[in-house]
Structure formats: structure tokens, C-alpha cells
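J.: Shown below is the structure under consideration.
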Number of protein chains: 2
Amino acid sequence: MTWATSPFSGSGPIVGDLGEIGLLQTIRSILGDVSPPSPQGIGDDCATFTPPPGEKLLLTTDPVVLGIHFTATDPAAKAGAKLLKRNLSDIASMGGKPGPALLAFAMGPDLQTDWLVAFVEGLATACREYGVPLVGGDITSASQGTFIANLTQTGTASRPVLRRGAKPASPISVTGSLGGSFQGRHLDFIPRLQEGQFLATLGNLLSMTDLSDGLAKDLPGLLPPGTSASLDTSAIPLSADASSLDAAFCDGEDYELLFTLEPGTLLQDWPFATQCTKIGEIIQSGEREPLLDSQTGNPLRFHKPGYAHFHS
Amino acid sequence: MTWATSPFSGSGPIVGDLGEIGLLQTIRSILGDVSPPSPQGIGDDCATFTPPPGEKLLLTTDPVVLGIHFTATDPAAKAGAKLLKRNLSDIASMGGKPGPALLAFAMGPDLQTDWLVAFVEGLATACREYGVPLVGGDITSASQGTFIANLTQTGTASRPVLRRGAKPASPISVTGSLGGSFQGRHLDFIPRLQEGQFLATLGNLLSMTDLSDGLAKDLPGLLPPGTSASLDTSAIPLSADASSLDAAFCDGEDYELLFTLEPGTLLQDWPFATQCTKIGEIIQSGEREPLLDSQTGNPLRFHKPGYAHFHS
């Protein structure tokens, strides 16, 4: 379903008509088996969870906000799925397996009930697909025209992979292809959970992150002090939606994995259909430029360094 | 500090002027040691946490929303502390100890920076007081005039106490005093962590919750099917701010503990200055009325059954 104008315009019932109890019942009935009962899930003051023995707990939180992470004309079900998937991408980038999640809604009373139903259906379908139980949550009324859904996602990993750990001469690789995600891929992407879990088992994996803000903004986070990324720009995997190299570096919301390996080693036996590309390596550099062109040694600079809230 | 009109009016700088990086730096510098570095805290795609051996993880999430959980003229620092304390009250009601927390902000670019600083200072002070590290978070721009802060709080407990577990003839008790919290106590309360942890060690504790929506709405959640709460209305501990018995049952936001014991047993050796009062007991009842007056056997009915979002 898509809405021609806004989730807040239409002739159907609005969530303010349902009342809090009606709204909770509506959401619970859509979630069904995705929302287990207390003590694992909803129905008590807290949910409980015990990570498997020897595994560390992972915690991350990310929202979807109408007007920021999706638009009024995007399908509500895809926005709901995106809420889960963007959090799962963070779990994937640590090499983790998904655990239970908590959901917090803030919405104006003028939100169309049908729109919310489609959003929750999309979220519930994605939760089933990825085996994520929704174990707690909150619904708060907010000002008219507001819709914010915040998810806190847990995960578990025996060896969480961090952003830091790369060394000079580490090869840098990326999954999938980059750029132009706002054409639709930002709603349709697949979080790279299997790929991340596989990479985390490799003895030569040093560091990893997911590309949420774009290569230009996320890659510097992997660089040890005094180093730069020397990149083969001809090797950067452009998505079919990417209009230029700038797009691949700056558009953001790729939700692909970016990782580094032990210097002098290769990625062997990659068992996935997902593309995986070496794009350069880390080099010692006195300069403050994080990204360099490996052909020329010149800095790679981009017009828009990834997505930023509160543009200054 | 208080604002005479609104966190969104004034002549000072606004968060939109800071830009995303400036805003993050401002918040991080206030949080200081409350926000540990990766891998325990902020700076990676996920935070990591390992509950102590033999302990179960507790998970809860609750927001504070301007206009709902505090007003524009409430001190910002108290609103920040309330965000933590209302989540800690949920941990307390399961008999848990606080673990790390994640923070997600959604705010209009027109929010006064000084107001946000005071909010985060209040939150950071409370985090230090209760030993809660803030290990992850997100900041999202929202529509003008919006301020929502969502906290996801973890905790640990060797024996999480649930809402269910009471039996016919179970005594019902409550900590502190009830009603009129909107006079100021909803910002100044102390989450009953020590009391909850103590109660969880007692062999005769059967069930527990915290009073967030008021006795009239929260007590029925402790009743097994086919039972009612027979209450001695003269024993209900009225707060100095409670104007009537109705206030004690319906105002909500008391953040006191409500718990039941094994039938025929008492609470012995209560080691706290916090008041603790037996208010009645659970009785078998065929009727659908959850609350009964123990003197008359008549139903106790109240005008406003606790706070509800999206009033229908």
C-alpha cells in the first residue's frame, strides 16, 4: 500500500480514535507469535534474556523517522521492515546473531490507523524472516504529524568484531555495491548477517563496520592513527543506481559490510552469492587526508561527506 | 534552570546551529565518564555487555516526551534524570540491578542548546548516582517543537520477579505513599532499586510490579484469574500531595513497588527507611470487579482509571 500524500491524511480511522488499549491490542494482534509472552517477552515490567554461554551480548539502537528515513509516499510495510533491518545491519557488522528487540513508538493521534497497521505488518514479517522476537515496547502520543519508531536490537557473538583493529598494509574490502540507495535500495536492502557471521570466524579478519553514512564518512572510522586508505577508485563497486563515484562514496544507507584483513592475506572461500570486492589498502601516511587515490596518491575529496542530521 | 515559556523559545543558540558533529561532541563532553569507549560503549556499531554468570538479562524501554512526561516549564535537568529513573523503576520491580543503557534522541532543530545541555547534565548526574553507563545511542532530527528521549535500560537479576505468581489469600503491600505525583514527585522520585533487590531475595515474595499508571490500573495486573484485590482503603498510604483516595488510585507515576507475598506470611526485617504498607489481600471472587473494599465487600470504582495515552 502507498499513500499519495501523507500517513496523516485520508478519510480512514486515526490512531487517536482507537485509544491506548485499542492501539496496543491492534499492534499485539498483528505481531502475534513475533511477540512472545512474559517472562521472555511483553507483559511484565522488563523482558528477560540470557545470552548463550560464552557469548557476549551486543546492543544497538536506531530509529526510523517519517521524513528522515522514509517519506510519506514510501510503502509503510517497507518502512517497518527497514526499522528492523537497519538495526540488524549493526549486529551483522559485529559478526553477531540477532537476539530479541524492543520497540518504542511516538506518534501523533492523527496518524491513519491503516498506515500504522501496514507498518507493523512489514516489521512483523521482517522479524519472522530474521528470527527476532519483539519482547518489549512503549507507545507514546506525540504532536500531530509525528511518527518515530525506535528499535533497540540485541545480538550475541562469541567474538564481536570492532571497527578498530586494522593495520598498515591491511587490505580493505566491501560487500555488495554502493551508491544511489535513495532510489529504493535503502528500503529493500538485505542486512549482511550471514556474511558478517562468516567473516567473524576468519582468523585474518581485523575490523569491520557497516556502511550506513557512506564510504567517505564510515571508512575513516576504520583507520588507525597516522594512516590513510589508499583506494583503487576503478575497483569501487558502483550500484546500478549510482550516478557517479561521488554517489558511491557519499549517498549512504548502503548497509553493506566494510572490513579489513591481516596484511598480506586474502579472503578465501567466500561462500555467498553476495559480491565482495577489495577496494584498496591501509597505508602509513603523515597527512591528515583519510582517503587517497592509489593511482595518483592524491586526496579523494567529495562534495557531500555522507548524510548528516542537523546540517550546519 | 527553568524556562518561562518553552525549550523552543529564547534568544540563545539552537541545536540546529551546532550541526550533527557539534551536537554529538556537546553531548559526549557532558556525559564524560558516564559514556565509556568501545567495545563496552560508544564508538562502534554495537556496544557489548556480558551479564555476570548465573544472572539473567533484563530489558526495558521508556521515553520522556515534552508535553507528556514533563512540561516546558519543568527543570530540564529533572526531566533528564526522570528518563533514567523511570526505566530503573522497571528494573527495580523485577528485583534487578541496573546494567548499561542506550539513549535515542529525536528533537527539532529549534531546540535551545542550553536546554538540551541541562537535560543531558541531569541525565548524566543520575547515571553516575545509579552506576549506569550509557553505551550507545542515536540522535535524529525531528519536526520543530519536538523533543523525545528514549532510553533502553538493561539490568541483571539471578531471579527476576514477575507480575504473576500471586495466589488467593496473598497479602498485598506497597512501598512509599501514593497520589498527587504531578505536583512534583513524578520528577523527584527515587527508584526503589534497593528495596526491589531485597524483596527478590525473600523466599515468600510471589510477584511484584512498579506503580507507573496508578494502583487502579497496575494492581489488576497482579491478580490471578477469578480473583480480586480486597483492599483496606483506610490503610492506603496517601502522599502529602494526594487530595483524595481517588488520587492515590488514579494519578499514576508513583514509581513505588507493589508486591504480593505467600499467603499467611508477613514481611519481616524490612531494613529501609522507606515506608512499606500492607493494603489488603487477594481473594477468590467470581465477579469481574478487580478491586473490592474489604470493609463492605463493594467494588472500588474510580473516575479515571490511571493515565492513558490516546484517550478514547
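Residues are named by chain letter and number: chains run A, B, ... in the order of the C-alpha cells, numbers start at 1 in each chain, and ligands are numbered from 1 in the order shown.
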Tell me as a ChimeraX atom specification which residues belonging to chain B come within 6 Å of chain A, counting only C-alpha atoms.

T.: /B:16-17,19-20,45-50,56-60,90,141,309-312

J.: Least-squares superpose chain B on chain A across all ordered C-alpha pairs, then write out what you get as an mmCIF file with C-alpha atoms, in the first residue's frame.

T.:
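Saved the output as selection18.cif:
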```
data_model
loop_
_atom_site.group_PDB
_atom_site.id
_atom_site.type_symbol
_atom_site.label_atom_id
_atom_site.label_comp_id
_atom_site.auth_asym_id
_atom_site.auth_seq_id
_atom_site.Cartn_x
_atom_site.Cartn_y
_atom_site.Cartn_z
ATOM 1 C CA MET B 1 0.080 -0.031 -0.023
ATOM 2 C CA THR B 2 1.247 3.490 -0.678
ATOM 3 C CA TRP B 3 -0.265 6.789 0.370
ATOM 4 C CA ALA B 4 -0.429 9.457 -2.251
ATOM 5 C CA THR B 5 0.043 12.330 0.150
ATOM 6 C CA SER B 6 0.779 11.516 3.779
ATOM 7 C CA PRO B 7 0.201 8.917 6.512
ATOM 8 C CA PHE B 8 -1.620 11.762 8.254
ATOM 9 C CA SER B 9 -4.172 12.530 5.555
ATOM 10 C CA GLY B 10 -7.078 10.369 4.490
ATOM 11 C CA SER B 11 -10.633 9.623 5.422
ATOM 12 C CA GLY B 12 -9.996 6.414 7.390
ATOM 13 C CA PRO B 13 -9.827 5.980 11.150
ATOM 14 C CA ILE B 14 -6.913 7.514 13.038
ATOM 15 C CA VAL B 15 -4.980 6.057 15.966
ATOM 16 C CA GLY B 16 -6.409 8.705 18.304
ATOM 17 C CA ASP B 17 -9.825 7.069 17.771
ATOM 18 C CA LEU B 18 -8.541 3.686 18.934
ATOM 19 C CA GLY B 19 -7.445 4.800 22.387
ATOM 20 C CA GLU B 20 -4.342 3.384 24.039
ATOM 21 C CA ILE B 21 -5.815 -0.055 24.800
ATOM 22 C CA GLY B 22 -7.282 -0.449 21.313
ATOM 23 C CA LEU B 23 -3.991 0.623 19.768
ATOM 24 C CA LEU B 24 -2.003 -1.860 21.855
ATOM 25 C CA GLN B 25 -4.457 -4.640 20.993
ATOM 26 C CA THR B 26 -4.209 -3.824 17.291
ATOM 27 C CA ILE B 27 -0.422 -3.937 17.362
ATOM 28 C CA ARG B 28 -0.285 -7.103 19.510
ATOM 29 C CA SER B 29 -2.689 -8.939 17.209
ATOM 30 C CA ILE B 30 -0.539 -8.115 14.163
ATOM 31 C CA LEU B 31 2.665 -9.134 15.930
ATOM 32 C CA GLY B 32 1.188 -12.464 17.028
ATOM 33 C CA ASP B 33 3.958 -15.040 17.564
ATOM 34 C CA VAL B 34 6.619 -12.364 16.936
ATOM 35 C CA SER B 35 5.782 -11.045 20.407
ATOM 36 C CA PRO B 36 6.183 -13.859 22.942
ATOM 37 C CA PRO B 37 4.524 -13.612 26.371
ATOM 38 C CA SER B 38 6.270 -12.770 29.663
ATOM 39 C CA PRO B 39 8.830 -13.542 31.033
ATOM 40 C CA GLN B 40 10.647 -13.719 27.656
ATOM 41 C CA GLY B 41 8.456 -11.019 26.179
ATOM 42 C CA ILE B 42 5.728 -8.442 26.657
ATOM 43 C CA GLY B 43 3.525 -8.408 29.754
ATOM 44 C CA ASP B 44 5.942 -7.604 32.542
ATOM 45 C CA ASP B 45 7.981 -4.614 33.643
ATOM 46 C CA CYS B 46 11.024 -5.997 31.836
ATOM 47 C CA ALA B 47 11.695 -8.755 29.336
ATOM 48 C CA THR B 48 14.320 -11.354 30.254
ATOM 49 C CA PHE B 49 17.007 -12.848 28.047
ATOM 50 C CA THR B 50 20.052 -14.988 28.671
ATOM 51 C CA PRO B 51 22.793 -15.014 26.019
ATOM 52 C CA PRO B 52 24.129 -18.499 25.201
ATOM 53 C CA PRO B 53 27.101 -19.505 27.407
ATOM 54 C CA GLY B 54 30.367 -17.999 26.197
ATOM 55 C CA GLU B 55 28.630 -15.412 24.015
ATOM 56 C CA LYS B 56 28.793 -11.673 24.540
ATOM 57 C CA LEU B 57 25.673 -9.541 24.326
ATOM 58 C CA LEU B 58 25.497 -6.865 21.600
ATOM 59 C CA LEU B 59 23.293 -3.773 21.967
ATOM 60 C CA THR B 60 22.354 -1.200 19.356
ATOM 61 C CA THR B 61 19.528 1.294 18.831
ATOM 62 C CA ASP B 62 18.307 3.069 15.690
ATOM 63 C CA PRO B 63 15.018 4.686 14.714
ATOM 64 C CA VAL B 64 13.056 5.304 11.563
ATOM 65 C CA VAL B 65 11.542 8.775 11.452
ATOM 66 C CA LEU B 66 8.967 9.859 8.886
ATOM 67 C CA GLY B 67 10.572 12.495 6.697
ATOM 68 C CA ILE B 68 14.126 11.411 7.552
ATOM 69 C CA HIS B 69 14.484 7.663 6.981
ATOM 70 C CA PHE B 70 11.456 7.274 4.732
ATOM 71 C CA THR B 71 8.959 9.556 3.070
ATOM 72 C CA ALA B 72 5.188 9.833 3.256
ATOM 73 C CA THR B 73 4.833 8.077 -0.103
ATOM 74 C CA ASP B 74 7.123 5.120 0.685
ATOM 75 C CA PRO B 75 5.246 1.876 1.383
ATOM 76 C CA ALA B 76 4.578 1.682 5.124
ATOM 77 C CA ALA B 77 5.437 -2.037 5.236
ATOM 78 C CA LYS B 78 8.899 -1.333 3.803
ATOM 79 C CA ALA B 79 9.481 1.402 6.377
ATOM 80 C CA GLY B 80 8.576 -1.110 9.100
ATOM 81 C CA ALA B 81 10.972 -3.697 7.688
ATOM 82 C CA LYS B 82 13.694 -1.044 7.380
ATOM 83 C CA LEU B 83 13.441 -0.320 11.112
ATOM 84 C CA LEU B 84 14.485 -3.898 11.862
ATOM 85 C CA LYS B 85 16.970 -4.293 9.020
ATOM 86 C CA ARG B 86 19.004 -1.166 9.764
ATOM 87 C CA ASN B 87 19.489 -2.382 13.334
ATOM 88 C CA LEU B 88 20.349 -5.892 12.100
ATOM 89 C CA SER B 89 22.995 -4.348 9.853
ATOM 90 C CA ASP B 90 24.748 -3.120 13.020
ATOM 91 C CA ILE B 91 24.553 -6.626 14.520
ATOM 92 C CA ALA B 92 25.933 -8.032 11.242
ATOM 93 C CA SER B 93 28.875 -5.633 11.314
ATOM 94 C CA MET B 94 29.959 -7.038 14.700
ATOM 95 C CA GLY B 95 29.660 -10.608 13.367
ATOM 96 C CA GLY B 96 26.624 -11.205 15.602
ATOM 97 C CA LYS B 97 23.451 -13.239 15.544
ATOM 98 C CA PRO B 98 20.187 -11.351 16.237
ATOM 99 C CA GLY B 99 18.556 -11.617 19.667
ATOM 100 C CA PRO B 100 15.338 -10.059 20.960
ATOM 101 C CA ALA B 101 14.403 -6.424 20.275
ATOM 102 C CA LEU B 102 12.401 -3.652 21.975
ATOM 103 C CA LEU B 103 10.163 -1.238 20.103
ATOM 104 C CA ALA B 104 9.187 2.313 21.101
ATOM 105 C CA PHE B 105 6.647 4.314 19.112
ATOM 106 C CA ALA B 106 5.937 8.044 19.299
ATOM 107 C CA MET B 107 3.116 9.104 17.016
ATOM 108 C CA GLY B 108 0.608 11.867 16.518
ATOM 109 C CA PRO B 109 -3.023 10.965 17.244
ATOM 110 C CA ASP B 110 -3.821 11.961 13.647
ATOM 111 C CA LEU B 111 -1.873 9.007 12.168
ATOM 112 C CA GLN B 112 -4.035 6.873 9.862
ATOM 113 C CA THR B 113 -4.636 3.511 11.547
ATOM 114 C CA ASP B 114 -4.344 1.628 8.231
ATOM 115 C CA TRP B 115 -0.924 3.132 7.686
ATOM 116 C CA LEU B 116 0.260 2.019 11.137
ATOM 117 C CA VAL B 117 -1.158 -1.464 10.542
ATOM 118 C CA ALA B 118 0.829 -1.758 7.299
ATOM 119 C CA PHE B 119 3.988 -0.516 9.080
ATOM 120 C CA VAL B 120 3.640 -3.076 11.874
ATOM 121 C CA GLU B 121 2.851 -5.858 9.358
ATOM 122 C CA GLY B 122 6.059 -5.053 7.491
ATOM 123 C CA LEU B 123 8.014 -5.057 10.743
ATOM 124 C CA ALA B 124 6.431 -8.338 11.905
ATOM 125 C CA THR B 125 7.164 -10.056 8.583
ATOM 126 C CA ALA B 126 10.799 -8.980 8.784
ATOM 127 C CA CYS B 127 11.017 -10.136 12.421
ATOM 128 C CA ARG B 128 9.778 -13.595 11.368
ATOM 129 C CA GLU B 129 12.224 -13.715 8.481
ATOM 130 C CA TYR B 130 15.214 -12.905 10.702
ATOM 131 C CA GLY B 131 14.007 -14.727 13.824
ATOM 132 C CA VAL B 132 13.780 -11.628 16.014
ATOM 133 C CA PRO B 133 11.241 -11.672 18.882
ATOM 134 C CA LEU B 134 9.855 -8.281 19.945
ATOM 135 C CA VAL B 135 9.986 -8.551 23.717
ATOM 136 C CA GLY B 136 9.082 -5.117 24.958
ATOM 137 C CA GLY B 137 7.978 -1.716 23.948
ATOM 138 C CA ASP B 138 6.276 1.550 24.557
ATOM 139 C CA ILE B 139 3.750 3.738 22.762
ATOM 140 C CA THR B 140 3.702 7.458 23.402
ATOM 141 C CA SER B 141 1.463 10.091 21.907
ATOM 142 C CA ALA B 142 3.382 12.893 20.203
ATOM 143 C CA SER B 143 2.501 16.063 18.343
ATOM 144 C CA GLN B 144 0.342 15.895 15.215
ATOM 145 C CA GLY B 145 2.196 14.806 12.112
ATOM 146 C CA THR B 146 4.924 12.977 14.052
ATOM 147 C CA PHE B 147 5.891 9.343 13.521
ATOM 148 C CA ILE B 148 9.037 7.928 15.119
ATOM 149 C CA ALA B 149 9.693 4.247 15.719
ATOM 150 C CA ASN B 150 12.773 3.342 17.704
ATOM 151 C CA LEU B 151 14.164 -0.179 17.891
ATOM 152 C CA THR B 152 16.734 -1.470 20.342
ATOM 153 C CA GLN B 153 18.232 -4.651 18.969
ATOM 154 C CA THR B 154 20.207 -7.204 20.938
ATOM 155 C CA GLY B 155 22.537 -9.766 19.453
ATOM 156 C CA THR B 156 25.106 -12.271 20.557
ATOM 157 C CA ALA B 157 28.610 -13.017 19.334
ATOM 158 C CA SER B 158 31.390 -15.183 20.680
ATOM 159 C CA ARG B 159 33.930 -12.761 19.194
ATOM 160 C CA PRO B 160 32.443 -9.325 18.481
ATOM 161 C CA VAL B 161 34.291 -7.643 15.608
ATOM 162 C CA LEU B 162 35.179 -4.012 16.268
ATOM 163 C CA ARG B 163 35.825 -1.033 13.995
ATOM 164 C CA ARG B 164 39.370 -0.770 15.238
ATOM 165 C CA GLY B 165 42.005 -3.401 14.639
ATOM 166 C CA ALA B 166 43.260 -2.623 11.122
ATOM 167 C CA LYS B 167 46.985 -2.200 10.484
ATOM 168 C CA PRO B 168 49.118 -0.505 7.841
ATOM 169 C CA ALA B 169 48.998 -2.686 4.676
ATOM 170 C CA SER B 170 45.627 -4.207 5.652
ATOM 171 C CA PRO B 171 43.489 -4.890 2.558
ATOM 172 C CA ILE B 172 40.111 -3.103 2.604
ATOM 173 C CA SER B 173 37.056 -4.878 1.166
ATOM 174 C CA VAL B 174 33.374 -4.227 0.814
ATOM 175 C CA THR B 175 30.312 -6.394 0.179
ATOM 176 C CA GLY B 176 27.688 -5.606 -2.470
ATOM 177 C CA SER B 177 27.643 -2.371 -4.469
ATOM 178 C CA LEU B 178 27.423 1.221 -3.364
ATOM 179 C CA GLY B 179 25.559 4.447 -4.090
ATOM 180 C CA GLY B 180 22.113 5.609 -5.088
ATOM 181 C CA SER B 181 20.360 3.754 -2.293
ATOM 182 C CA PHE B 182 17.752 6.527 -2.054
ATOM 183 C CA GLN B 183 16.362 5.247 -5.370
ATOM 184 C CA GLY B 184 14.794 2.453 -3.329
ATOM 185 C CA ARG B 185 17.547 0.168 -2.062
ATOM 186 C CA HIS B 186 17.527 1.928 1.356
ATOM 187 C CA LEU B 187 14.170 0.184 1.898
ATOM 188 C CA ASP B 188 14.910 -3.101 0.094
ATOM 189 C CA PHE B 189 18.406 -3.990 1.314
ATOM 190 C CA ILE B 190 19.303 -7.265 2.978
ATOM 191 C CA PRO B 191 21.326 -6.949 6.194
ATOM 192 C CA ARG B 192 24.546 -8.929 5.726
ATOM 193 C CA LEU B 193 24.085 -11.147 8.773
ATOM 194 C CA GLN B 194 25.375 -14.401 7.258
ATOM 195 C CA GLU B 195 28.303 -12.651 5.628
ATOM 196 C CA GLY B 196 29.193 -10.870 8.904
ATOM 197 C CA GLN B 197 28.965 -14.082 10.923
ATOM 198 C CA PHE B 198 31.180 -15.867 8.377
ATOM 199 C CA LEU B 199 33.768 -13.083 8.344
ATOM 200 C CA ALA B 200 33.890 -13.096 12.168
ATOM 201 C CA THR B 201 35.058 -16.727 12.093
ATOM 202 C CA LEU B 202 38.085 -15.894 9.915
ATOM 203 C CA GLY B 203 41.402 -15.686 11.694
ATOM 204 C CA ASN B 204 42.605 -12.909 9.349
ATOM 205 C CA LEU B 205 39.649 -10.522 9.831
ATOM 206 C CA LEU B 206 40.852 -7.432 11.709
ATOM 207 C CA SER B 207 37.974 -4.945 11.771
ATOM 208 C CA MET B 208 34.523 -4.331 10.327
ATOM 209 C CA THR B 209 31.684 -1.810 10.157
ATOM 210 C CA ASP B 210 28.540 -1.361 8.109
ATOM 211 C CA LEU B 211 28.144 1.403 5.542
ATOM 212 C CA SER B 212 25.278 3.488 6.855
ATOM 213 C CA ASP B 213 26.569 7.009 6.213
ATOM 214 C CA GLY B 214 28.604 6.268 3.086
ATOM 215 C CA LEU B 215 32.185 5.153 2.419
ATOM 216 C CA ALA B 216 33.508 8.724 2.735
ATOM 217 C CA LYS B 217 32.205 9.027 6.287
ATOM 218 C CA ASP B 218 32.427 5.413 7.511
ATOM 219 C CA LEU B 219 35.819 4.305 6.134
ATOM 220 C CA PRO B 220 37.855 6.871 8.143
ATOM 221 C CA GLY B 221 36.451 5.204 11.285
ATOM 222 C CA LEU B 222 38.472 2.065 10.483
ATOM 223 C CA LEU B 223 41.818 3.891 10.065
ATOM 224 C CA PRO B 224 44.454 3.677 12.804
ATOM 225 C CA PRO B 225 46.137 6.991 13.711
ATOM 226 C CA GLY B 226 48.650 8.202 11.099
ATOM 227 C CA THR B 227 47.236 6.092 8.295
ATOM 228 C CA SER B 228 45.091 6.662 5.224
ATOM 229 C CA ALA B 229 43.048 4.445 2.932
ATOM 230 C CA SER B 230 44.665 4.105 -0.472
ATOM 231 C CA LEU B 231 41.778 3.267 -2.776
ATOM 232 C CA ASP B 232 41.585 1.926 -6.313
ATOM 233 C CA THR B 233 38.696 4.059 -7.512
ATOM 234 C CA SER B 234 38.180 1.838 -10.556
ATOM 235 C CA ALA B 235 37.511 -1.098 -8.208
ATOM 236 C CA ILE B 236 34.746 0.605 -6.186
ATOM 237 C CA PRO B 237 31.599 -1.471 -6.899
ATOM 238 C CA LEU B 238 29.049 1.060 -8.175
ATOM 239 C CA SER B 239 25.413 0.081 -7.820
ATOM 240 C CA ALA B 240 23.185 0.338 -10.884
ATOM 241 C CA ASP B 241 21.540 3.304 -9.127
ATOM 242 C CA ALA B 242 24.813 5.155 -8.521
ATOM 243 C CA SER B 243 25.193 8.087 -10.853
ATOM 244 C CA SER B 244 28.879 8.671 -10.094
ATOM 245 C CA LEU B 245 31.805 7.800 -7.868
ATOM 246 C CA ASP B 246 30.615 10.587 -5.589
ATOM 247 C CA ALA B 247 27.330 8.717 -5.119
ATOM 248 C CA ALA B 248 29.156 5.530 -4.121
ATOM 249 C CA PHE B 249 31.167 7.451 -1.512
ATOM 250 C CA CYS B 250 28.546 9.854 -0.199
ATOM 251 C CA ASP B 251 24.952 8.738 -0.618
ATOM 252 C CA GLY B 252 24.941 6.483 2.455
ATOM 253 C CA GLU B 253 22.427 3.857 3.526
ATOM 254 C CA ASP B 254 24.241 1.123 1.589
ATOM 255 C CA TYR B 255 24.094 -1.225 4.601
ATOM 256 C CA GLU B 256 26.996 -3.208 3.156
ATOM 257 C CA LEU B 257 29.922 -4.516 5.217
ATOM 258 C CA LEU B 258 33.302 -2.783 5.080
ATOM 259 C CA PHE B 259 36.172 -4.778 6.565
ATOM 260 C CA THR B 260 39.928 -5.110 6.767
ATOM 261 C CA LEU B 261 42.170 -8.177 6.782
ATOM 262 C CA GLU B 262 45.573 -9.082 8.151
ATOM 263 C CA PRO B 263 48.221 -7.513 5.857
ATOM 264 C CA GLY B 264 49.250 -9.775 2.996
ATOM 265 C CA THR B 265 46.245 -12.075 3.292
ATOM 266 C CA LEU B 266 43.272 -12.657 1.031
ATOM 267 C CA LEU B 267 39.650 -13.546 1.530
ATOM 268 C CA GLN B 268 39.400 -17.197 0.551
ATOM 269 C CA ASP B 269 36.421 -19.484 0.017
ATOM 270 C CA TRP B 270 33.761 -16.732 0.040
ATOM 271 C CA PRO B 271 30.643 -18.940 0.111
ATOM 272 C CA PHE B 272 28.001 -16.307 -0.754
ATOM 273 C CA ALA B 273 26.398 -14.996 -3.928
ATOM 274 C CA THR B 274 26.863 -11.515 -2.466
ATOM 275 C CA GLN B 275 29.585 -9.647 -4.320
ATOM 276 C CA CYS B 276 32.754 -8.981 -2.327
ATOM 277 C CA THR B 277 35.395 -6.556 -3.613
ATOM 278 C CA LYS B 278 38.838 -5.467 -2.493
ATOM 279 C CA ILE B 279 38.885 -1.685 -2.932
ATOM 280 C CA GLY B 280 42.275 -0.738 -1.543
ATOM 281 C CA GLU B 281 44.538 -0.945 1.470
ATOM 282 C CA ILE B 282 45.627 0.981 4.501
ATOM 283 C CA ILE B 283 48.923 2.838 4.219
ATOM 284 C CA GLN B 284 51.123 4.773 6.602
ATOM 285 C CA SER B 285 50.696 8.480 5.895
ATOM 286 C CA GLY B 286 51.739 11.578 7.680
ATOM 287 C CA GLU B 287 48.942 13.558 6.094
ATOM 288 C CA ARG B 288 45.547 14.293 7.532
ATOM 289 C CA GLU B 289 43.679 13.212 4.401
ATOM 290 C CA PRO B 290 41.948 9.916 5.197
ATOM 291 C CA LEU B 291 41.214 8.873 1.599
ATOM 292 C CA LEU B 292 43.827 8.742 -1.160
ATOM 293 C CA ASP B 293 43.688 7.695 -4.821
ATOM 294 C CA SER B 294 46.058 4.709 -5.190
ATOM 295 C CA GLN B 295 46.796 5.645 -8.848
ATOM 296 C CA THR B 296 47.857 9.234 -8.198
ATOM 297 C CA GLY B 297 48.401 9.436 -4.455
ATOM 298 C CA ASN B 298 46.140 12.489 -4.440
ATOM 299 C CA PRO B 299 43.455 13.027 -1.793
ATOM 300 C CA LEU B 300 39.976 11.845 -2.656
ATOM 301 C CA ARG B 301 37.584 14.592 -1.671
ATOM 302 C CA PHE B 302 33.836 14.614 -2.028
ATOM 303 C CA HIS B 303 31.247 17.287 -2.171
ATOM 304 C CA LYS B 304 28.973 15.881 0.534
ATOM 305 C CA PRO B 305 30.669 13.785 3.222
ATOM 306 C CA GLY B 306 27.799 11.374 3.918
ATOM 307 C CA TYR B 307 24.409 12.027 5.437
ATOM 308 C CA ALA B 308 24.294 14.307 8.482
ATOM 309 C CA HIS B 309 21.437 15.248 10.748
ATOM 310 C CA PHE B 310 21.296 18.885 11.800
ATOM 311 C CA HIS B 311 23.327 20.168 8.857
ATOM 312 C CA SER B 312 25.431 23.079 10.008
#
```

J.: Report as a count of residues only: the residues of stretch 1-134 of chain A with a DSSP assignment of strand (DSSP E or B), based on the backbone of this structure.

T.: 31
